[in-house]
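Inspection log for the structure reproduced underneath, given as structure tokens.
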Amino acid sequence: MRTRFAPSPTGFLHVGGLRTALYAYLMAKQNKGKFILRIEDTDQERSVIGATENILEVLQWAGLDPDEGVMLDQGIVSEKGNRGPYIQSQRLEIYQKYAKELLENGHAYPCFCSSERLDQMRKDQQAHKQAPMYDRMCLSLSEEEVKKKLKAGDPHVLRLKIPQSEKITFTDDIRGLLTFQGHTVDDQVLLKSDGFPTYHLAHVVDDHLMDIELVIRGEEWLSSIPKHLLLFQCLGWKPPRYAHVPLLLNKDKTKLSKRQNAVATHEYMDKGYLPEALINFLALLGWNPGSTQEIFSLKELTDAFSLERVQKGGAIFDTEKLDWLQGQWIRNMDSEEFAQRIRPTVEEKFPAAKDDKEFTKKAALIQERMTFFTEAPEMLSYYYEEPTVTKDLLANEKQKVTEDMLGEVLKLLTATLEKIPEDKWIEDSLKEILFSLAEDKDYKKGQILWPLRAALTGLPYSPGAFEVAVALGKAKTMERLKSALKSI
RNA sequence: GGCCCCAUCGUCUAAUGGUUAGGACGCCAGGUUUUCAUCCUGGUAACAGGAGUUCGAUUCUCCUUGGGGCUACCA
């Protein structure tokens, strides 16, 4: 099966767009087909330089590499496939050829109306509570008048002549049977006065010529489907299957917008979300597997996905679950990979980390308790700078550690740990020795372990005392215990 | 205004012509743990409303209400 994703290079890649791309990708892969990427840059005014690269980079980050069409080859935008070009601005003659065919067959007609007249017409229609639609003034032009105007080079567009009596029905892969009345459909502009096609013409021509079998796109296109179906009919082509996916919504249920949400995928990349987490989250927004499985890799999604299980109603884009998924995926990471991932940001803050041979080990201690990569430097800070230890921190009501007993506990810890030889400086033996120390001296575990951990890290919470002591090494541990003693 | 689409916990959603309406996130409580986090257990919370069909509707039909999308020489 051949599916496609066809973004416009007007800026960043919207998360809704990413989800649409994901669904198209999944359908192609599931059916051992091809996922094609086409760039729809027919609006010259809105096209942004660099946007194509950006979209491609984000897709690559997400793991949705196109099999055909526009793609990144070593960072350079390039094209692959024998149905190109895959960038619409390079296909102008193709659209013009079919536009001409439509004109000759009487399915389209030139329109010379000025935008001022059109504006006024719509205003009048709305004032009379009518649907704003082209009034077909230019359709009543005589053949001679048209010829004359064309010869004079009057600016004009080409409009599709909608057969008004027709009833249009079609079956959407997600929504089922849908019906539209021909007379409610506007005579859509096909070719603009600058010679560029509109989306409507371009997508029909391209999807046919590129042998696209399934078009997956946002629900906002649903109301223009009659025009597209009619175009296929007028050109004598078989339309593809269509699946209109529900919209992503703001909290107030309006179409997801920049004003209310972070909608650019790169914002999530910048915040440190894993592609696995975002993809997992997006897949589950509007689709469900029919099982209780929540964690899905791209591969698992490919096997499990189906359009039948895609929701019809829009989904509010609430990222709470994304954060949870992010935590899940972090914990799923290989510890080596995890360490590599956080290393640059830690090194940036603490250059000492560069020479740290134990970095992976230390990183492993925070992997379980972390949700965002940006937390890493803070969570590892006590390895690379001396902690600030205060009485307030060392004493802890819940652990029944009072300020009065701090001196004794710290001295006891120092004396006990001092005796442990380097080769016994491992978690198990530290645990054994300190647990029995607590027992002998009639302390609760927390009463000696809290001050130890606090003295070593300077933080109210961190990985466990034994883990930290081992990662820090004996010398550093003793040093910090002594300075903690001085600070009380 | 017109056309089209949609409607289950706060959120993402499952299921069914007869169920204590299920799961996940969040939240709350408890447990494990030296702290935090993780993990485990439990709790909280939903079928928009009204008719009809039916022995029985959350489920099927219609209406109402509510929400959304489109209504450009933008995509």
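In the structure tokens, the first chain shown is A, the next is B, and so on; residue numbers restart at 1 for each chain, and ligands run from 1 in the order shown.
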Based on only C-alpha atoms (C1' of nucleotides), which of the residues in chain B come within 10 Å of chain A? I want them as a ChimeraX atom specification.
/B:1-7,11-15,22-26,33-38,67-75
What's the 9 Å shell around region 42-45 of chain B, counting only C-alpha atoms (C1' of nucleotides), without same-chain residues fewer than 2 positions away, as a list in words?
C9, G10, C27, C28, A29 and G30 of chain B
Would you mind listing what lies within 9 Å of Leu56 (chain A) as a ChimeraX atom specification, with only C-alpha atoms (C1' of nucleotides) counted and same-chain residues fewer than 2 positions away left out?
/A:13,51-54,58-61,65,70-72,77
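Interatomic distance, CA of Asp172 (chain A) against CA of His203 (chain A): 17.2 Å.
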For CA of Glu79 (chain A) and CA of Glu57 (chain A), quote the distance in Å rounded to one decimal.
14.6 Å
Strand (DSSP E or B) positions in region 230-467 of chain A, given as an mmCIF file with N, CA and C atoms, in the first residue's frame:
```
data_model
loop_
_atom_site.group_PDB
_atom_site.id
_atom_site.type_symbol
_atom_site.label_atom_id
_atom_site.label_comp_id
_atom_site.auth_asym_id
_atom_site.auth_seq_id
_atom_site.Cartn_x
_atom_site.Cartn_y
_atom_site.Cartn_z
ATOM 1 N N ARG A 241 -8.550 5.687 -1.366
ATOM 2 C CA ARG A 241 -9.347 5.619 -0.143
ATOM 3 C C ARG A 241 -8.967 6.835 0.689
ATOM 4 N N TYR A 242 -9.902 7.319 1.468
ATOM 5 C CA TYR A 242 -9.603 8.460 2.334
ATOM 6 C C TYR A 242 -9.884 8.098 3.781
ATOM 7 N N ALA A 243 -9.046 8.599 4.674
ATOM 8 C CA ALA A 243 -9.297 8.462 6.111
ATOM 9 C C ALA A 243 -9.052 9.830 6.729
ATOM 10 N N HIS A 244 -10.116 10.429 7.246
ATOM 11 C CA HIS A 244 -9.977 11.747 7.867
ATOM 12 C C HIS A 244 -9.856 11.573 9.371
ATOM 13 N N VAL A 245 -8.657 11.873 9.880
ATOM 14 C CA VAL A 245 -8.420 11.662 11.309
ATOM 15 C C VAL A 245 -8.946 12.845 12.117
ATOM 16 N N LEU A 248 -6.797 17.338 16.851
ATOM 17 C CA LEU A 248 -6.257 17.486 18.201
ATOM 18 C C LEU A 248 -6.798 18.818 18.711
ATOM 19 N N LEU A 249 -7.196 18.817 19.979
ATOM 20 C CA LEU A 249 -7.917 19.975 20.521
ATOM 21 C C LEU A 249 -7.195 20.655 21.694
ATOM 22 N N LYS A 255 -9.762 23.824 17.975
ATOM 23 C CA LYS A 255 -8.661 23.230 17.232
ATOM 24 C C LYS A 255 -7.329 23.605 17.884
ATOM 25 N N ALA A 264 4.464 22.857 18.206
ATOM 26 C CA ALA A 264 5.549 22.502 17.294
ATOM 27 C C ALA A 264 6.309 21.312 17.854
ATOM 28 N N TRP A 287 -6.430 6.727 18.944
ATOM 29 C CA TRP A 287 -6.425 5.323 18.521
ATOM 30 C C TRP A 287 -6.224 4.470 19.755
ATOM 31 N N VAL A 310 -9.597 3.857 15.127
ATOM 32 C CA VAL A 310 -9.331 5.285 15.306
ATOM 33 C C VAL A 310 -10.652 5.948 15.686
ATOM 34 N N ALA A 315 -9.587 14.775 20.051
ATOM 35 C CA ALA A 315 -8.975 14.460 21.346
ATOM 36 C C ALA A 315 -8.245 15.679 21.905
ATOM 37 N N ILE A 316 -8.514 15.968 23.165
ATOM 38 C CA ILE A 316 -7.818 17.074 23.808
ATOM 39 C C ILE A 316 -6.357 16.707 24.016
ATOM 40 N N ASN A 396 16.010 15.648 60.739
ATOM 41 C CA ASN A 396 14.781 15.377 60.006
ATOM 42 C C ASN A 396 13.745 14.795 60.941
ATOM 43 N N VAL A 401 15.428 12.333 63.502
ATOM 44 C CA VAL A 401 16.798 12.805 63.669
ATOM 45 C C VAL A 401 16.719 14.221 64.234
#
```
So which residues touch Met210 (chain A) within 8 Å, counting only C-alpha atoms (C1' of nucleotides), skipping near sequence neighbours fewer than 2 positions away, as a VMD selection string?
chain A and resid 83 to 84 206 to 208 212
Write a file of the just-selected residues containing N, CA and C atoms, as a PDB file, in the first residue's frame.
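The new file result33.pdb reads:
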```
ATOM      1  N   ARG A  83       8.363   8.795  -9.520  1.00  0.00           N
ATOM      2  CA  ARG A  83       7.107   9.489  -9.820  1.00  0.00           C
ATOM      3  C   ARG A  83       7.212  10.976  -9.496  1.00  0.00           C
ATOM      4  N   GLY A  84       8.431  11.432  -9.478  1.00  0.00           N
ATOM      5  CA  GLY A  84       8.677  12.817  -9.112  1.00  0.00           C
ATOM      6  C   GLY A  84       8.461  13.774 -10.248  1.00  0.00           C
ATOM      7  N   ASP A 206      -1.619  14.872  -7.995  1.00  0.00           N
ATOM      8  CA  ASP A 206      -0.447  14.187  -7.442  1.00  0.00           C
ATOM      9  C   ASP A 206      -0.777  12.817  -6.878  1.00  0.00           C
ATOM     10  N   ASP A 207      -1.843  12.758  -6.127  1.00  0.00           N
ATOM     11  CA  ASP A 207      -2.156  11.465  -5.526  1.00  0.00           C
ATOM     12  C   ASP A 207      -2.482  10.431  -6.602  1.00  0.00           C
ATOM     13  N   HIS A 208      -3.047  10.891  -7.693  1.00  0.00           N
ATOM     14  CA  HIS A 208      -3.284   9.953  -8.787  1.00  0.00           C
ATOM     15  C   HIS A 208      -1.981   9.551  -9.467  1.00  0.00           C
ATOM     16  N   ILE A 212      -1.091   6.933  -5.072  1.00  0.00           N
ATOM     17  CA  ILE A 212      -1.415   6.856  -3.650  1.00  0.00           C
ATOM     18  C   ILE A 212      -2.728   6.095  -3.499  1.00  0.00           C
TER      19      ILE A 212
END
```
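If you count only C-alpha atoms (C1' of nucleotides) and ignore residues fewer than 2 places along the chain from region 57-63 of chain B, what sits within 8 Å of it is U8, U16, G17, C47, G50, A51, G52 and U53 of chain B.
The residues of region 265-297 of chain A that DSSP classifies as alpha helix (DSSP H), using the backbone of this structure, are Thr265, His266, Glu267, Tyr268, Met269, Asp270, Pro275, Glu276, Ala277, Leu278, Ile279, Asn280, Phe281, Leu282, Ala283 and Leu284 of chain A.
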Find the residues around Thr20 (chain A) up to 9 Å (only C-alpha atoms (C1' of nucleotides) counted), leave out those fewer than 5 positions away in its own chain, and share them as a list in words.
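Here the qualifying residues turn out to be Phe5, Val15, Tyr25, Ile216, Arg217, Gly218 and Val245 of chain A.
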Could you please determine the separation between CA of Val468 (chain A) and CA of Ile330 (chain A) in Å, to one decimal place?
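Atom-to-atom, CA of Val468 (chain A) and CA of Ile330 (chain A) are spaced 20.8 Å apart.
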Shell of 10 Å around region 21-24 of chain A, only C-alpha atoms (C1' of nucleotides), local chain residues under 3 positions omitted, as number ranges by chain:
A: 2-7, 15-18, 27-30, 34-37, 59, 62-64, 66, 214-217, 243, 245, 279, 282-283, 287, 298, 301-302, 305-307, 310
